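Okay, so here's the structure we're looking at.
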Amino acid sequence: MKKFFLSMMTVMMVAMLSVGFTACSDDDDNNNDGGGNTVVGTWSGVDEDGYMLTLTFNSNNTGVLRETYLNYSDYTYSFTYTMKNENSGSLTYMENEGKYYTYTCTFTLSGNTLILNYDGDTYRLTKK
C-alpha cells in the first residue's frame, strides 16, 4: 500500500508541475491588442501645400484622424486599425459627405516616422 501511495504522489506532483510550466508560457505573442505597439500615440505632419494630418492611435485599435487645410477647413474622423507586424499595418475610416465613403490606408513605421500611403499619396508623420 505504501508503494501505491508513493506512486500516486509522484504522478500527482508531475501533473501539477506540468500545469505550472504550461501556465508560465511566453507572452510575447503579437496579438494586435495595442499592448506594446509603437504606433500608439499621436503623429502629425504638414505637406508643402499646407495640408496638415494628425493621427492619434489608441491602444484598443481605434483612433482619430484630423485633417486641416490652410487653417480653415478642419475634419475629424474615427478609425480602426490593425497591425500586420510591429512595423506596419492599415487603418480604415468612413467619411460622410452626403454619402458614406470608406477609406483604407496602409502605414509603416520607421523610428519616429510614420509613412502613410493613401490613394497614391504618401504622407510622412512624426510622433509627438
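Residue names in the C-alpha cells use chain letters A, B, ... in the order shown, residue numbers from 1 in each chain, and ligand numbers from 1 in the order shown.
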Which residues, written as an MDAnalysis selection string, have at least one atom at most 6 Å from stretch 80-96 of chain A, with only C-alpha atoms counted and residues fewer than 2 positions away on the same chain left out?
chainID A and resid 32 61:62 98:109
DSSP strand (DSSP E or B) residues within stretch 63-127 of chain A, listed as a short mmCIF file (atom, residue, chain, number, x, y, z; two decimals) with N, CA, C and O atoms, in the first residue's frame:
```cif
data_model
loop_
_atom_site.label_atom_id
_atom_site.label_comp_id
_atom_site.auth_asym_id
_atom_site.auth_seq_id
_atom_site.Cartn_x
_atom_site.Cartn_y
_atom_site.Cartn_z
N GLY A 63 -8.82 54.96 -33.26
CA GLY A 63 -8.08 56.21 -33.30
C GLY A 63 -8.90 57.34 -33.89
O GLY A 63 -10.07 57.17 -34.24
N VAL A 64 -8.25 58.50 -34.00
CA VAL A 64 -8.88 59.69 -34.55
C VAL A 64 -7.95 60.28 -35.60
O VAL A 64 -6.76 60.44 -35.37
N LEU A 65 -8.52 60.58 -36.77
CA LEU A 65 -7.80 61.21 -37.87
C LEU A 65 -8.32 62.63 -37.99
O LEU A 65 -9.53 62.85 -38.04
N ARG A 66 -7.42 63.61 -38.02
CA ARG A 66 -7.83 65.01 -38.17
C ARG A 66 -7.10 65.60 -39.37
O ARG A 66 -5.88 65.54 -39.46
N GLU A 67 -7.89 66.19 -40.28
CA GLU A 67 -7.35 66.85 -41.47
C GLU A 67 -7.60 68.35 -41.34
O GLU A 67 -8.71 68.77 -41.05
N THR A 68 -6.56 69.12 -41.54
CA THR A 68 -6.69 70.58 -41.55
C THR A 68 -5.99 71.09 -42.80
O THR A 68 -4.89 70.68 -43.10
N TYR A 69 -6.67 72.01 -43.51
CA TYR A 69 -6.08 72.55 -44.71
C TYR A 69 -6.00 74.06 -44.59
O TYR A 69 -7.02 74.74 -44.47
N SER A 73 -10.13 74.69 -43.04
CA SER A 73 -11.03 73.55 -43.08
C SER A 73 -10.49 72.49 -42.12
O SER A 73 -9.29 72.23 -42.07
N ASP A 74 -11.38 71.93 -41.34
CA ASP A 74 -10.99 71.01 -40.28
C ASP A 74 -11.99 69.86 -40.24
O ASP A 74 -13.18 70.09 -40.02
N TYR A 75 -11.51 68.64 -40.47
CA TYR A 75 -12.36 67.46 -40.46
C TYR A 75 -11.77 66.44 -39.49
O TYR A 75 -10.55 66.27 -39.44
N THR A 76 -12.64 65.76 -38.76
CA THR A 76 -12.21 64.74 -37.81
C THR A 76 -12.98 63.46 -38.08
O THR A 76 -14.21 63.50 -38.26
N TYR A 77 -12.27 62.34 -38.12
CA TYR A 77 -12.87 61.03 -38.39
C TYR A 77 -12.35 60.02 -37.36
O TYR A 77 -11.20 60.07 -36.97
N SER A 78 -13.20 59.10 -36.99
CA SER A 78 -12.77 57.96 -36.17
C SER A 78 -12.28 56.87 -37.09
O SER A 78 -12.77 56.73 -38.22
N PHE A 79 -11.32 56.08 -36.64
CA PHE A 79 -10.84 54.97 -37.46
C PHE A 79 -10.52 53.76 -36.58
O PHE A 79 -10.43 53.86 -35.37
N THR A 80 -10.40 52.64 -37.24
CA THR A 80 -9.90 51.41 -36.61
C THR A 80 -8.63 51.03 -37.34
O THR A 80 -8.45 51.38 -38.51
N TYR A 81 -7.74 50.32 -36.65
CA TYR A 81 -6.51 49.90 -37.31
C TYR A 81 -6.13 48.49 -36.89
O TYR A 81 -6.56 47.99 -35.86
N THR A 82 -5.36 47.86 -37.75
CA THR A 82 -4.80 46.54 -37.46
C THR A 82 -3.31 46.59 -37.79
O THR A 82 -2.89 47.29 -38.71
N MET A 83 -2.54 45.89 -37.00
CA MET A 83 -1.11 45.81 -37.22
C MET A 83 -0.81 44.53 -37.99
O MET A 83 -1.24 43.45 -37.59
N LYS A 84 -0.12 44.65 -39.10
CA LYS A 84 0.32 43.48 -39.88
C LYS A 84 1.50 42.82 -39.16
O LYS A 84 1.58 41.62 -39.05
N ASN A 85 2.40 43.64 -38.67
CA ASN A 85 3.51 43.21 -37.82
C ASN A 85 3.87 44.43 -36.98
O ASN A 85 3.13 45.40 -36.96
N SER A 88 4.18 47.70 -39.41
CA SER A 88 3.27 48.09 -40.49
C SER A 88 1.85 47.64 -40.16
O SER A 88 1.62 46.75 -39.35
N GLY A 89 0.91 48.30 -40.82
CA GLY A 89 -0.49 47.97 -40.61
C GLY A 89 -1.38 48.74 -41.55
O GLY A 89 -0.92 49.33 -42.54
N SER A 90 -2.67 48.76 -41.24
CA SER A 90 -3.63 49.50 -42.07
C SER A 90 -4.68 50.12 -41.16
O SER A 90 -4.92 49.65 -40.06
N LEU A 91 -5.28 51.20 -41.65
CA LEU A 91 -6.37 51.82 -40.92
C LEU A 91 -7.52 52.05 -41.87
O LEU A 91 -7.34 52.20 -43.07
N THR A 92 -8.75 52.05 -41.32
CA THR A 92 -9.96 52.24 -42.11
C THR A 92 -10.82 53.30 -41.43
O THR A 92 -11.02 53.25 -40.22
N TYR A 93 -11.28 54.27 -42.22
CA TYR A 93 -12.19 55.27 -41.68
C TYR A 93 -13.29 55.55 -42.68
O TYR A 93 -13.18 55.24 -43.86
N MET A 94 -14.39 56.13 -42.18
CA MET A 94 -15.53 56.49 -43.02
C MET A 94 -15.69 58.00 -43.03
O MET A 94 -15.49 58.67 -42.03
N GLU A 95 -16.06 58.50 -44.19
CA GLU A 95 -16.28 59.93 -44.37
C GLU A 95 -17.72 60.13 -44.84
O GLU A 95 -18.23 59.35 -45.63
N ASN A 96 -18.38 61.15 -44.34
CA ASN A 96 -19.76 61.41 -44.72
C ASN A 96 -19.86 62.76 -45.42
O ASN A 96 -19.77 63.80 -44.79
N TYR A 100 -21.76 57.86 -47.39
CA TYR A 100 -20.61 57.35 -46.65
C TYR A 100 -19.59 56.75 -47.61
O TYR A 100 -19.93 55.99 -48.51
N TYR A 101 -18.36 57.13 -47.44
CA TYR A 101 -17.25 56.58 -48.19
C TYR A 101 -16.31 55.93 -47.19
O TYR A 101 -15.99 56.51 -46.16
N THR A 102 -15.85 54.75 -47.51
CA THR A 102 -14.92 54.05 -46.65
C THR A 102 -13.54 54.07 -47.29
O THR A 102 -13.40 53.76 -48.47
N TYR A 103 -12.54 54.45 -46.52
CA TYR A 103 -11.17 54.55 -47.00
C TYR A 103 -10.28 53.61 -46.18
O TYR A 103 -10.43 53.51 -44.97
N THR A 104 -9.36 52.97 -46.86
CA THR A 104 -8.37 52.15 -46.18
C THR A 104 -6.99 52.63 -46.60
O THR A 104 -6.72 52.83 -47.78
N CYS A 105 -6.14 52.86 -45.62
CA CYS A 105 -4.78 53.34 -45.83
C CYS A 105 -3.81 52.33 -45.22
O CYS A 105 -4.13 51.65 -44.26
N THR A 106 -2.62 52.26 -45.78
CA THR A 106 -1.58 51.43 -45.17
C THR A 106 -0.51 52.34 -44.59
O THR A 106 -0.35 53.48 -45.02
N PHE A 107 0.20 51.84 -43.59
CA PHE A 107 1.25 52.64 -42.99
C PHE A 107 2.41 51.75 -42.56
O PHE A 107 2.24 50.55 -42.34
N THR A 108 3.58 52.36 -42.51
CA THR A 108 4.77 51.69 -42.00
C THR A 108 5.43 52.62 -40.99
O THR A 108 5.29 53.84 -41.06
N LEU A 109 6.14 52.03 -40.05
CA LEU A 109 6.85 52.77 -39.02
C LEU A 109 8.34 52.65 -39.23
O LEU A 109 8.84 51.57 -39.53
N SER A 110 9.03 53.75 -39.04
CA SER A 110 10.48 53.76 -39.10
C SER A 110 10.96 54.75 -38.06
O SER A 110 10.96 55.97 -38.31
N THR A 113 9.03 58.09 -37.35
CA THR A 113 8.34 58.48 -38.57
C THR A 113 7.31 57.42 -38.94
O THR A 113 7.61 56.23 -38.98
N LEU A 114 6.08 57.87 -39.21
CA LEU A 114 5.03 57.01 -39.72
C LEU A 114 4.80 57.43 -41.17
O LEU A 114 4.58 58.61 -41.46
N ILE A 115 4.89 56.48 -42.09
CA ILE A 115 4.69 56.76 -43.51
C ILE A 115 3.33 56.20 -43.89
O ILE A 115 3.11 54.99 -43.84
N LEU A 116 2.40 57.10 -44.23
CA LEU A 116 1.03 56.74 -44.55
C LEU A 116 0.85 56.78 -46.06
O LEU A 116 1.17 57.78 -46.70
N ASN A 117 0.37 55.68 -46.63
CA ASN A 117 0.11 55.60 -48.07
C ASN A 117 -1.39 55.57 -48.29
O ASN A 117 -2.07 54.68 -47.81
N TYR A 118 -1.87 56.56 -49.03
CA TYR A 118 -3.30 56.67 -49.26
C TYR A 118 -3.57 57.16 -50.67
O TYR A 118 -3.13 58.24 -51.06
N ASP A 121 -0.92 58.82 -52.66
CA ASP A 121 -0.15 59.85 -51.97
C ASP A 121 0.56 59.25 -50.77
O ASP A 121 0.08 58.31 -50.15
N THR A 122 1.70 59.83 -50.43
CA THR A 122 2.48 59.39 -49.28
C THR A 122 2.65 60.56 -48.32
O THR A 122 3.03 61.65 -48.74
N TYR A 123 2.33 60.33 -47.07
CA TYR A 123 2.46 61.35 -46.03
C TYR A 123 3.46 60.87 -44.99
O TYR A 123 3.41 59.72 -44.56
N ARG A 124 4.36 61.74 -44.59
CA ARG A 124 5.34 61.45 -43.54
C ARG A 124 4.93 62.19 -42.28
O ARG A 124 4.89 63.42 -42.27
N LEU A 125 4.62 61.42 -41.24
CA LEU A 125 4.19 62.00 -39.98
C LEU A 125 5.22 61.71 -38.90
O LEU A 125 5.87 60.68 -38.92
N THR A 126 5.35 62.63 -37.96
CA THR A 126 6.30 62.50 -36.87
C THR A 126 5.54 62.29 -35.56
O THR A 126 4.52 62.95 -35.33
N LYS A 127 6.07 61.41 -34.72
CA LYS A 127 5.42 61.15 -33.44
C LYS A 127 5.64 62.32 -32.49
O LYS A 127 6.74 62.83 -32.37
#
```
Mind checking which residues fall within 12 Å of A:Lys128, counting only C-alpha atoms, ignoring those fewer than 4 positions away in the same chain, and posting them as a list in words?
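Returned residues: Val39, Val40, Gly41, Thr42, Trp43, Ser44, Gly45, Thr54, Leu55, Thr56, Phe57, Asn112, Thr113 and Leu114 of chain A.
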